[in-house]
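K.L.:
Supplied in structure tokens, the structure appears directly below.
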Amino acid sequence: DADEVFTSWGKETALSFTEQDIREKLEHFASVEHFGLVVRAKGIVPCKDGGWIHFDYTPDEIEIRKGSAAPTGLLCVIGANLNVELVEKLFEG
């Protein structure tokens, strides 16, 4: 059962980021021993330059783009043996 293998972490956020901030944070997920095995991450966050950043992560691809606004920033990370505390700290700013 997938619920027994995978853990998810999600959070609303008002913090703003640059596209480079998001890319660097997503690249950290390659460090399996620190974050667990992240199989998916996605989100919509305010951009420091205005507008909104939409992002999608899988182990093989990082996609970052500008997109439509959302009522609030949303972050979601899914993985096996996920270190939720470390993921939380990564997106604190």
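Following the order of the structure tokens, chains are lettered A, B, ..., residues in each are numbered from 1, and ligands are numbered from 1.
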Quick one: DSSP strand (DSSP E or B) residues in chain A, as a PyMOL selection string?

P.N.:
chain A and resi 6-13+17+37-47+52-58+61-67+73-80

K.L.:
What does the distance between CA of Thr58 (chain A) and CA of Leu86 (chain A) come to in Å, to one decimal place?

P.N.:
18.2 Å

K.L.:
What are the DSSP helix (DSSP H, G or I) residues of chain A, as JSON, numbers by chain?

P.N.:
{"A": [2, 3, 4, 5, 19, 20, 21, 22, 23, 24, 25, 26, 27, 28, 29, 30, 32, 33, 34, 35, 84, 85, 86, 87, 88, 89, 90]}

K.L.:
Produce a file of the selected residues containing N, CA and C atoms, as a CSV table (one decimal), in the first residue's frame.

P.N.:
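Result file follows (part.csv):
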chain,number,residue,atom,x,y,z
A,2,ALA,N,0.6,2.2,-0.9
A,2,ALA,CA,1.4,3.4,-1.0
A,2,ALA,C,1.5,4.2,0.3
A,3,ASP,N,0.4,4.2,1.0
A,3,ASP,CA,0.4,5.0,2.3
A,3,ASP,C,1.4,4.5,3.3
A,4,GLU,N,1.8,3.2,3.2
A,4,GLU,CA,2.7,2.6,4.1
A,4,GLU,C,4.2,2.9,3.7
A,5,VAL,N,4.4,3.2,2.4
A,5,VAL,CA,5.7,3.4,1.8
A,5,VAL,C,6.1,4.9,1.8
A,19,GLU,N,13.4,32.2,-8.6
A,19,GLU,CA,13.5,30.9,-9.3
A,19,GLU,C,14.7,30.2,-8.9
A,20,GLN,N,15.8,30.9,-8.7
A,20,GLN,CA,17.1,30.3,-8.3
A,20,GLN,C,17.0,29.7,-6.9
A,21,ASP,N,16.3,30.4,-6.0
A,21,ASP,CA,16.1,29.8,-4.6
A,21,ASP,C,15.4,28.5,-4.7
A,22,ILE,N,14.3,28.4,-5.5
A,22,ILE,CA,13.6,27.2,-5.7
A,22,ILE,C,14.4,26.1,-6.3
A,23,ARG,N,15.2,26.4,-7.4
A,23,ARG,CA,16.0,25.4,-8.0
A,23,ARG,C,17.0,24.8,-7.0
A,24,GLU,N,17.7,25.7,-6.2
A,24,GLU,CA,18.7,25.2,-5.3
A,24,GLU,C,18.0,24.3,-4.2
A,25,LYS,N,16.8,24.7,-3.8
A,25,LYS,CA,16.2,23.8,-2.8
A,25,LYS,C,15.8,22.5,-3.3
A,26,LEU,N,15.3,22.5,-4.6
A,26,LEU,CA,14.9,21.2,-5.2
A,26,LEU,C,16.1,20.3,-5.5
A,27,GLU,N,17.3,20.9,-5.8
A,27,GLU,CA,18.5,20.2,-6.1
A,27,GLU,C,19.0,19.5,-4.8
A,28,HIS,N,18.6,20.0,-3.6
A,28,HIS,CA,19.0,19.3,-2.4
A,28,HIS,C,18.4,18.0,-2.2
A,29,PHE,N,17.3,17.7,-2.9
A,29,PHE,CA,16.6,16.4,-2.7
A,29,PHE,C,17.4,15.3,-3.3
A,30,ALA,N,18.4,15.5,-4.1
A,30,ALA,CA,19.3,14.5,-4.6
A,30,ALA,C,20.1,13.8,-3.5
A,32,VAL,N,19.8,11.8,-0.9
A,32,VAL,CA,18.9,10.8,-0.3
A,32,VAL,C,19.1,10.6,1.2
A,33,GLU,N,20.3,10.5,1.6
A,33,GLU,CA,20.6,10.3,3.0
A,33,GLU,C,20.2,11.4,3.9
A,34,HIS,N,20.0,12.6,3.4
A,34,HIS,CA,19.6,13.7,4.3
A,34,HIS,C,18.0,13.9,4.3
A,35,PHE,N,17.4,13.8,3.1
A,35,PHE,CA,16.0,14.1,3.0
A,35,PHE,C,15.1,12.9,2.8
A,84,VAL,N,10.9,14.9,7.4
A,84,VAL,CA,10.0,16.0,7.4
A,84,VAL,C,10.5,17.2,8.0
A,85,GLU,N,11.2,17.0,9.1
A,85,GLU,CA,11.8,18.2,9.8
A,85,GLU,C,12.8,18.9,8.9
A,86,LEU,N,13.7,18.2,8.2
A,86,LEU,CA,14.7,18.8,7.3
A,86,LEU,C,14.0,19.5,6.1
A,87,VAL,N,12.9,18.9,5.6
A,87,VAL,CA,12.2,19.5,4.5
A,87,VAL,C,11.6,20.8,4.9
A,88,GLU,N,11.0,20.8,6.1
A,88,GLU,CA,10.4,22.0,6.7
A,88,GLU,C,11.4,23.1,6.8
A,89,LYS,N,12.6,22.8,7.3
A,89,LYS,CA,13.7,23.8,7.5
A,89,LYS,C,14.1,24.3,6.1
A,90,LEU,N,14.2,23.5,5.1
A,90,LEU,CA,14.6,23.9,3.8
A,90,LEU,C,13.8,25.0,3.2

K.L.:
Excluding same-chain residues fewer than 2 positions from Arg65 (chain A), what lies within 9 Å of it counting only C-alpha atoms, as a VMD selection string?

P.N.:
chain A and resid 19 52 to 55 63 67

K.L.:
Any idea what the distance is between CA of Glu92 (chain A) and CA of Ser8 (chain A)?

P.N.:
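Computed distance, CA of Glu92 (chain A) to CA of Ser8 (chain A), equals 17.0 Å.
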
K.L.:
Name all residues at most 6 Å from Cys47 (chain A) (count only C-alpha atoms; drop same-chain ones fewer than 2 positions away) and give them as a list in words.

P.N.:
Ser16, Phe17, Thr18, Asp49, Gly50, Gly51, Trp52 and Ile53 of chain A

K.L.:
Which residue out of A:Phe6, A:Pro46, A:Asn83, A:Tyr57 has the minimum interatomic distance to Pro71 (chain A) when only C-alpha atoms are used?

P.N.:
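Closest candidate: A:Pro46.
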
K.L.:
Check the smallest atom-to-atom distance from each of A:Leu75, A:Thr7, A:Gly36, A:Ala41 to Glu61 (chain A) using only C-alpha atoms, then report the winner.

P.N.:
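For Glu61 (chain A), the nearest of the given residues is A:Ala41.
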
K.L.:
What does the distance from CA of Cys76 (chain A) to CA of Trp9 (chain A) come to in Å, to one decimal?

P.N.:
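Answer for the CA of Cys76 (chain A) to CA of Trp9 (chain A) separation: 5.6 Å.
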
K.L.:
Ranking A:Ala80, A:Ala14, A:Leu37, A:Ile44 by minimum distance to Asp56 (chain A) and counting only C-alpha atoms, which one comes first?

P.N.:
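Among A:Ala80, A:Ala14, A:Leu37, A:Ile44, it is A:Ile44 that comes nearest to Asp56 (chain A).
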